[in-house]
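This is target.pdb (PDB, C-alpha atoms).
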```pdb
ATOM      1  CA  MET J   1     -11.102 -43.866 180.306
ATOM      2  CA  SER J   2     -10.541 -47.316 181.651
ATOM      3  CA  LYS J   3      -9.538 -47.506 185.320
ATOM      4  CA  ASP J   4      -7.919 -50.925 184.912
ATOM      5  CA  TYR J   5      -4.551 -49.452 183.869
ATOM      6  CA  THR J   6      -1.778 -48.783 186.372
ATOM      7  CA  VAL J   7       1.623 -47.318 185.627
ATOM      8  CA  PRO J   8       4.244 -50.098 185.277
ATOM      9  CA  ALA J   9       6.162 -50.757 188.517
ATOM     10  CA  LYS J  10       9.549 -49.969 186.934
ATOM     11  CA  THR J  11       8.428 -46.510 185.778
ATOM     12  CA  ARG J  12      10.598 -43.705 187.172
ATOM     13  CA  ILE J  13      10.388 -39.938 187.131
ATOM     14  CA  GLY J  14      13.307 -39.062 184.912
ATOM     15  CA  HIS J  15      13.949 -35.382 185.608
ATOM     16  CA  VAL J  16      12.541 -32.108 186.808
ATOM     17  CA  HIS J  17      12.889 -28.876 184.858
ATOM     18  CA  LEU J  18      12.769 -25.661 186.872
ATOM     19  CA  LYS J  19      12.188 -22.073 185.834
ATOM     20  CA  VAL J  20      14.802 -19.972 187.641
ATOM     21  CA  SER J  21      15.533 -16.261 187.777
ATOM     22  CA  ASP J  22      19.351 -16.433 187.756
ATOM     23  CA  LEU J  23      21.036 -19.394 186.095
ATOM     24  CA  GLN J  24      24.441 -18.852 187.724
ATOM     25  CA  LEU J  25      22.944 -18.553 191.200
ATOM     26  CA  SER J  26      20.985 -21.780 190.644
ATOM     27  CA  LEU J  27      24.095 -23.568 189.352
ATOM     28  CA  ALA J  28      25.974 -22.460 192.472
ATOM     29  CA  PHE J  29      23.234 -24.019 194.624
ATOM     30  CA  TYR J  30      22.708 -27.273 192.725
ATOM     31  CA  CYS J  31      26.307 -27.897 191.618
ATOM     32  CA  ASP J  32      28.594 -26.135 194.100
ATOM     33  CA  LEU J  33      26.515 -26.795 197.228
ATOM     34  CA  LEU J  34      24.602 -30.003 196.481
ATOM     35  CA  GLY J  35      27.263 -31.501 194.214
ATOM     36  CA  PHE J  36      25.409 -32.151 190.951
ATOM     37  CA  GLU J  37      27.510 -32.226 187.773
ATOM     38  CA  LEU J  38      26.987 -29.730 184.963
ATOM     39  CA  ILE J  39      26.314 -31.779 181.811
ATOM     40  CA  THR J  40      25.606 -29.080 179.235
ATOM     41  CA  THR J  41      24.276 -25.571 178.758
ATOM     42  CA  TYR J  42      22.098 -23.918 176.126
ATOM     43  CA  GLY J  43      23.833 -20.578 175.888
ATOM     44  CA  ASP J  44      23.283 -18.501 178.999
ATOM     45  CA  GLN J  45      19.599 -19.461 179.354
ATOM     46  CA  ALA J  46      19.540 -23.137 180.351
ATOM     47  CA  ALA J  47      21.664 -25.786 182.002
ATOM     48  CA  PHE J  48      21.276 -29.514 182.514
ATOM     49  CA  ILE J  49      22.788 -31.186 185.566
ATOM     50  CA  SER J  50      22.950 -34.733 186.886
ATOM     51  CA  ALA J  51      24.302 -37.237 189.330
ATOM     52  CA  GLY J  52      26.590 -39.859 187.850
ATOM     53  CA  GLY J  53      26.682 -38.653 184.248
ATOM     54  CA  TYR J  54      22.996 -39.191 183.337
ATOM     55  CA  HIS J  55      21.939 -36.784 180.558
ATOM     56  CA  HIS J  56      20.085 -34.732 183.187
ATOM     57  CA  HIS J  57      18.202 -35.109 186.417
ATOM     58  CA  ILE J  58      17.507 -31.380 186.718
ATOM     59  CA  GLY J  59      17.016 -28.829 183.985
ATOM     60  CA  LEU J  60      17.308 -25.143 184.882
ATOM     61  CA  ASN J  61      16.143 -22.372 182.568
ATOM     62  CA  THR J  62      15.456 -18.650 182.458
ATOM     63  CA  TRP J  63      13.374 -18.773 179.261
ATOM     64  CA  HIS J  64      10.313 -17.175 180.909
ATOM     65  CA  SER J  65      11.684 -16.239 184.316
ATOM     66  CA  LYS J  66      14.966 -14.335 184.027
ATOM     67  CA  GLY J  67      15.126 -11.770 186.804
ATOM     68  CA  ALA J  68      11.644 -12.681 188.076
ATOM     69  CA  GLY J  69      10.781 -13.097 191.710
ATOM     70  CA  PRO J  70       9.824 -16.436 193.215
ATOM     71  CA  ALA J  71       6.403 -17.943 192.553
ATOM     72  CA  PRO J  72       3.780 -16.933 195.118
ATOM     73  CA  GLN J  73       3.667 -19.397 198.006
ATOM     74  CA  ASN J  74      -0.111 -19.709 198.214
ATOM     75  CA  THR J  75      -0.796 -20.724 194.613
ATOM     76  CA  ALA J  76      -0.757 -23.993 192.731
ATOM     77  CA  GLY J  77       2.676 -25.140 191.607
ATOM     78  CA  LEU J  78       5.681 -27.194 192.601
ATOM     79  CA  TYR J  79       5.811 -28.001 196.324
ATOM     80  CA  HIS J  80       9.301 -29.495 196.241
ATOM     81  CA  THR J  81      11.716 -31.552 194.230
ATOM     82  CA  ALA J  82      12.785 -34.683 196.117
ATOM     83  CA  ILE J  83      16.333 -35.949 195.686
ATOM     84  CA  LEU J  84      16.795 -39.550 196.823
ATOM     85  CA  TYR J  85      20.181 -40.470 198.297
ATOM     86  CA  PRO J  86      21.251 -44.135 198.210
ATOM     87  CA  THR J  87      22.248 -44.432 201.882
ATOM     88  CA  ARG J  88      21.738 -42.777 205.253
ATOM     89  CA  LYS J  89      25.462 -42.009 205.299
ATOM     90  CA  ASP J  90      25.092 -40.065 202.034
ATOM     91  CA  LEU J  91      22.279 -38.043 203.614
ATOM     92  CA  ALA J  92      24.483 -37.400 206.660
ATOM     93  CA  PHE J  93      27.288 -36.214 204.373
ATOM     94  CA  ILE J  94      25.105 -33.689 202.531
ATOM     95  CA  PHE J  95      23.591 -32.512 205.837
ATOM     96  CA  ASN J  96      27.085 -31.869 207.174
ATOM     97  CA  ARG J  97      28.149 -30.130 203.934
ATOM     98  CA  ILE J  98      25.144 -27.788 203.893
ATOM     99  CA  THR J  99      25.476 -27.066 207.620
ATOM    100  CA  HIS J 100      29.136 -26.098 207.204
ATOM    101  CA  ALA J 101      28.194 -23.839 204.287
ATOM    102  CA  ASN J 102      25.725 -22.064 206.615
ATOM    103  CA  TYR J 103      22.911 -22.596 204.107
ATOM    104  CA  PRO J 104      19.530 -22.537 205.874
ATOM    105  CA  PHE J 105      17.322 -25.592 206.231
ATOM    106  CA  THR J 106      13.545 -25.208 206.378
ATOM    107  CA  GLY J 107      12.983 -28.537 208.142
ATOM    108  CA  ALA J 108      14.102 -32.078 208.921
ATOM    109  CA  SER J 109      11.695 -34.990 209.380
ATOM    110  CA  ASP J 110      11.543 -38.687 210.065
ATOM    111  CA  HIS J 111       8.671 -40.033 207.951
ATOM    112  CA  GLY J 112       8.959 -43.658 209.068
ATOM    113  CA  VAL J 113       9.647 -44.828 205.518
ATOM    114  CA  SER J 114      12.354 -42.196 205.033
ATOM    115  CA  GLU J 115      14.409 -39.464 206.656
ATOM    116  CA  ALA J 116      14.377 -36.054 205.000
ATOM    117  CA  LEU J 117      16.037 -32.655 205.046
ATOM    118  CA  TYR J 118      14.268 -29.630 203.576
ATOM    119  CA  LEU J 119      15.625 -26.383 202.154
ATOM    120  CA  ASN J 120      14.819 -23.881 199.434
ATOM    121  CA  ASP J 121      16.852 -23.141 196.350
ATOM    122  CA  PRO J 122      17.645 -19.486 195.511
ATOM    123  CA  ASP J 123      14.206 -19.097 193.846
ATOM    124  CA  ARG J 124      12.454 -20.567 196.902
ATOM    125  CA  ASN J 125      11.689 -23.805 195.089
ATOM    126  CA  GLY J 126      11.411 -26.433 197.801
ATOM    127  CA  VAL J 127      14.066 -29.158 197.818
ATOM    128  CA  GLU J 128      13.807 -32.384 199.818
ATOM    129  CA  LEU J 129      16.979 -34.421 200.341
ATOM    130  CA  TYR J 130      16.161 -37.876 201.660
ATOM    131  CA  TRP J 131      16.950 -41.577 201.880
ATOM    132  CA  ASP J 132      14.461 -44.429 202.053
ATOM    133  CA  ARG J 133      14.668 -47.005 204.808
ATOM    134  CA  PRO J 134      14.643 -50.586 203.509
ATOM    135  CA  LYS J 135      11.054 -51.541 202.651
ATOM    136  CA  GLN J 136      10.976 -54.296 205.276
ATOM    137  CA  LEU J 137      11.512 -51.605 207.967
ATOM    138  CA  TRP J 138       8.632 -49.381 206.859
ATOM    139  CA  PRO J 139       6.085 -48.981 209.649
ATOM    140  CA  THR J 140       2.599 -50.316 208.983
ATOM    141  CA  LYS J 141      -0.847 -49.674 210.404
ATOM    142  CA  PRO J 142      -2.989 -52.496 211.820
ATOM    143  CA  ASP J 143      -4.704 -52.820 208.407
ATOM    144  CA  GLY J 144      -1.295 -53.424 206.744
ATOM    145  CA  SER J 145      -1.063 -50.063 204.964
ATOM    146  CA  ILE J 146       2.074 -47.939 205.274
ATOM    147  CA  ASP J 147       2.173 -45.692 208.338
ATOM    148  CA  MET J 148       3.848 -42.508 207.126
ATOM    149  CA  TYR J 149       4.216 -39.648 209.589
ATOM    150  CA  SER J 150       6.247 -36.509 210.209
ATOM    151  CA  ARG J 151       8.349 -36.542 213.360
ATOM    152  CA  PRO J 152      11.472 -34.548 214.180
ATOM    153  CA  LEU J 153      14.594 -36.041 212.610
ATOM    154  CA  ASN J 154      17.353 -36.955 215.056
ATOM    155  CA  LEU J 155      20.123 -34.895 213.447
ATOM    156  CA  GLU J 156      22.780 -35.966 215.960
ATOM    157  CA  GLY J 157      21.935 -39.589 215.194
ATOM    158  CA  LEU J 158      22.183 -38.829 211.486
ATOM    159  CA  LEU J 159      25.647 -37.318 211.942
ATOM    160  CA  GLN J 160      26.776 -40.495 213.735
ATOM    161  CA  GLU J 161      26.669 -42.127 210.288
ATOM    162  CA  LEU J 162      29.807 -40.171 209.403
ATOM    163  CA  LYS J 163      31.729 -41.868 212.220
ATOM    164  CA  ALA J 164      30.754 -45.376 211.120
TER     165      ALA J 164
END
```
Just give me the structure of the file as structure tokens.
Amino acid sequence: MSKDYTVPAKTRIGHVHLKVSDLQLSLAFYCDLLGFELITTYGDQAAFISAGGYHHHIGLNTWHSKGAGPAPQNTAGLYHTAILYPTRKDLAFIFNRITHANYPFTGASDHGVSEALYLNDPDRNGVELYWDRPKQLWPTKPDGSIDMYSRPLNLEGLLQELKA
């Protein structure tokens, strides 16, 4: 294999497809709580959801997992699905929505390049909700590389976005 190939800069990850144990419970999380739109279903075994009418950003299915427990935590597999919000105010809105629904968060971090909220879906699949700071504000190391870190997210500061 030649190492002179790099993925084109405009390449995007189009969707994630998750095995879930209960389709309706997953739809309640992704659609009712997070606000994704149901695009279509395949009977009672699969559903495709999106933001803004795209054919699907997330696929959910019970083809091999109906009624199963969550995947073991200490094995290879999906760490989390990251959902990118366009603005900090959008992240503040979803933080406020989830907080008022009393749904538990597993973390909240300032990564320098982004601010992120973490939670688990009903099958304990990790979900990251985040927004990226403008690239010109990304912190850099003395050698010019990006300085990503994990610091506590100022949640009160995030909520101030809703008053702006």
Inset, instruction - Figure out the distance between CA of His15 in chain J and CA of Ile39 in chain J, please, to one decimal in Å. - result: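 CA of His15 in chain J lies at a distance of 13.4 Å from CA of Ile39 in chain J.
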Inset, instruction - Rank nothing, just name the residue among J:Leu78, J:Leu38, J:Ile13, J:Cys31 nearest to Asn125 in chain J, using only C-alpha atoms. - result: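 When distances to Asn125 in chain J are compared using only C-alpha atoms, the smallest one comes from J:Leu78.
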Legend entry - Proximity to His57 in chain J - best of J:Arg12, J:Tyr79, J:Asp44, J:Arg133, only C-alpha atoms: J:Arg12
Inset, instruction - Run the PyMOL selection byres ((chain J and resi 70) around 9) against the file shown and list the residues it catches, as a PyMOL selection string. - result: chain J and resi 20-21+68-69+71-73+122-125
Those residues with C-alpha atoms, as a PDB file, keeping the file's coordinate frame please?
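The resulting file, out11.pdb, is reproduced below:
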```pdb
ATOM      1  CA  VAL J  20      14.802 -19.972 187.641  1.00  0.00           C
ATOM      2  CA  SER J  21      15.533 -16.261 187.777  1.00  0.00           C
ATOM      3  CA  ALA J  68      11.644 -12.681 188.076  1.00  0.00           C
ATOM      4  CA  GLY J  69      10.781 -13.097 191.710  1.00  0.00           C
ATOM      5  CA  ALA J  71       6.403 -17.943 192.553  1.00  0.00           C
ATOM      6  CA  PRO J  72       3.780 -16.933 195.118  1.00  0.00           C
ATOM      7  CA  GLN J  73       3.667 -19.397 198.006  1.00  0.00           C
ATOM      8  CA  PRO J 122      17.645 -19.486 195.511  1.00  0.00           C
ATOM      9  CA  ASP J 123      14.206 -19.097 193.846  1.00  0.00           C
ATOM     10  CA  ARG J 124      12.454 -20.567 196.902  1.00  0.00           C
ATOM     11  CA  ASN J 125      11.689 -23.805 195.089  1.00  0.00           C
TER      12      ASN J 125
END
```
Inset, instruction - Choose the residue, out of J:Lys163, J:Lys135, J:Lys66, J:Lys89, that has the smallest atom-to-atom separation from Gln24 in chain J; count all atoms listed in the file. - result: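 Among the listed residues, the smallest separation from Gln24 in chain J belongs to J:Lys66.
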Legend entry - Option closest in space to Thr81 in chain J, from J:Gly43, J:Gly52, J:Gly35, J:Gly59 [counting all atoms listed in the file]: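 That would be J:Gly59, the residue with the smallest distance to Thr81 in chain J.
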Legend entry - Given all atoms listed in the file as the counted atoms, nearest of J:Gly107, J:Gly144, J:Gly157, J:Gly112 to Val127 in chain J: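 Closest candidate: J:Gly107.
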Legend entry - Long-range neighbours of Leu119 in chain J as a list of chain:residue names, 10 Å cut-off, all atoms listed in the file, 5 positions minimum in chain: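 Non-adjacent residues within range: J:His80, J:Ile98, J:Tyr103, J:Pro104, J:Phe105, J:Thr106, J:Gly107, J:Ala108, J:Arg124, J:Asn125, J:Gly126, J:Val127, J:Glu128, J:Leu129.
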Legend entry - Selected residue, from J:Ser114, J:Ile49, J:Ser109, J:Asp132, that lies nearest to Leu153 in chain J when counting all atoms listed in the file: J:Ser109
Leaving out Glu37 in chain J and any residue of its chain fewer than 3 positions from it, which residues lie within 10 Å of it when counting only C-alpha atoms, given as an mmCIF file with C-alpha atoms, keeping the file's coordinate frame?
```cif
data_model
loop_
_atom_site.group_PDB
_atom_site.id
_atom_site.type_symbol
_atom_site.label_atom_id
_atom_site.label_comp_id
_atom_site.auth_asym_id
_atom_site.auth_seq_id
_atom_site.Cartn_x
_atom_site.Cartn_y
_atom_site.Cartn_z
ATOM 1 C CA LEU J 27 24.095 -23.568 189.352
ATOM 2 C CA TYR J 30 22.708 -27.273 192.725
ATOM 3 C CA CYS J 31 26.307 -27.897 191.618
ATOM 4 C CA ASP J 32 28.594 -26.135 194.100
ATOM 5 C CA LEU J 34 24.602 -30.003 196.481
ATOM 6 C CA THR J 40 25.606 -29.080 179.235
ATOM 7 C CA PHE J 48 21.276 -29.514 182.514
ATOM 8 C CA ILE J 49 22.788 -31.186 185.566
ATOM 9 C CA SER J 50 22.950 -34.733 186.886
ATOM 10 C CA ALA J 51 24.302 -37.237 189.330
ATOM 11 C CA GLY J 52 26.590 -39.859 187.850
ATOM 12 C CA GLY J 53 26.682 -38.653 184.248
ATOM 13 C CA TYR J 54 22.996 -39.191 183.337
ATOM 14 C CA HIS J 56 20.085 -34.732 183.187
ATOM 15 C CA HIS J 57 18.202 -35.109 186.417
#
```
Using all atoms of range 10-25 of chain J that appear in the file, construct an axis-aligned enclosing box with 5 Å of padding on every side and provide its centre coordinates and edge lengths in Å, rounded to one decimal, as lines of an AutoDock Vina configuration file.
```
center_x = 16.4
center_y = -33.1
center_z = 188.0
size_x = 26.0
size_y = 43.7
size_z = 16.3
```
Inset, instruction - Work out how far apart CA of Arg88 in chain J and CA of Leu60 in chain J are and give it in Å to one decimal. - result: 27.3 Å
Inset, instruction - Record the distance separating CA of Leu162 in chain J and CA of Phe93 in chain J, expressed in Å with one decimal. - result: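 Calculated distance between CA of Leu162 in chain J and CA of Phe93 in chain J is 6.9 Å.
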The PyMOL selection byres ((chain J and resi 85) around 8) resolved against shown file, as an mmCIF file with C-alpha atoms, in the frame of the given file:
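For reference, out-v9.cif as written:
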```cif
data_model
loop_
_atom_site.group_PDB
_atom_site.id
_atom_site.type_symbol
_atom_site.label_atom_id
_atom_site.label_comp_id
_atom_site.auth_asym_id
_atom_site.auth_seq_id
_atom_site.Cartn_x
_atom_site.Cartn_y
_atom_site.Cartn_z
ATOM 1 C CA ILE J 83 16.333 -35.949 195.686
ATOM 2 C CA LEU J 84 16.795 -39.550 196.823
ATOM 3 C CA PRO J 86 21.251 -44.135 198.210
ATOM 4 C CA THR J 87 22.248 -44.432 201.882
ATOM 5 C CA ARG J 88 21.738 -42.777 205.253
ATOM 6 C CA ASP J 90 25.092 -40.065 202.034
ATOM 7 C CA LEU J 91 22.279 -38.043 203.614
ATOM 8 C CA LEU J 129 16.979 -34.421 200.341
ATOM 9 C CA TYR J 130 16.161 -37.876 201.660
ATOM 10 C CA TRP J 131 16.950 -41.577 201.880
ATOM 11 C CA ASP J 132 14.461 -44.429 202.053
#
```
Legend entry - Residues selected by the PyMOL selection byres ((chain J and resi 62) around 7), written as a PyMOL selection string: chain J and resi 19-23+45-46+61+63-66
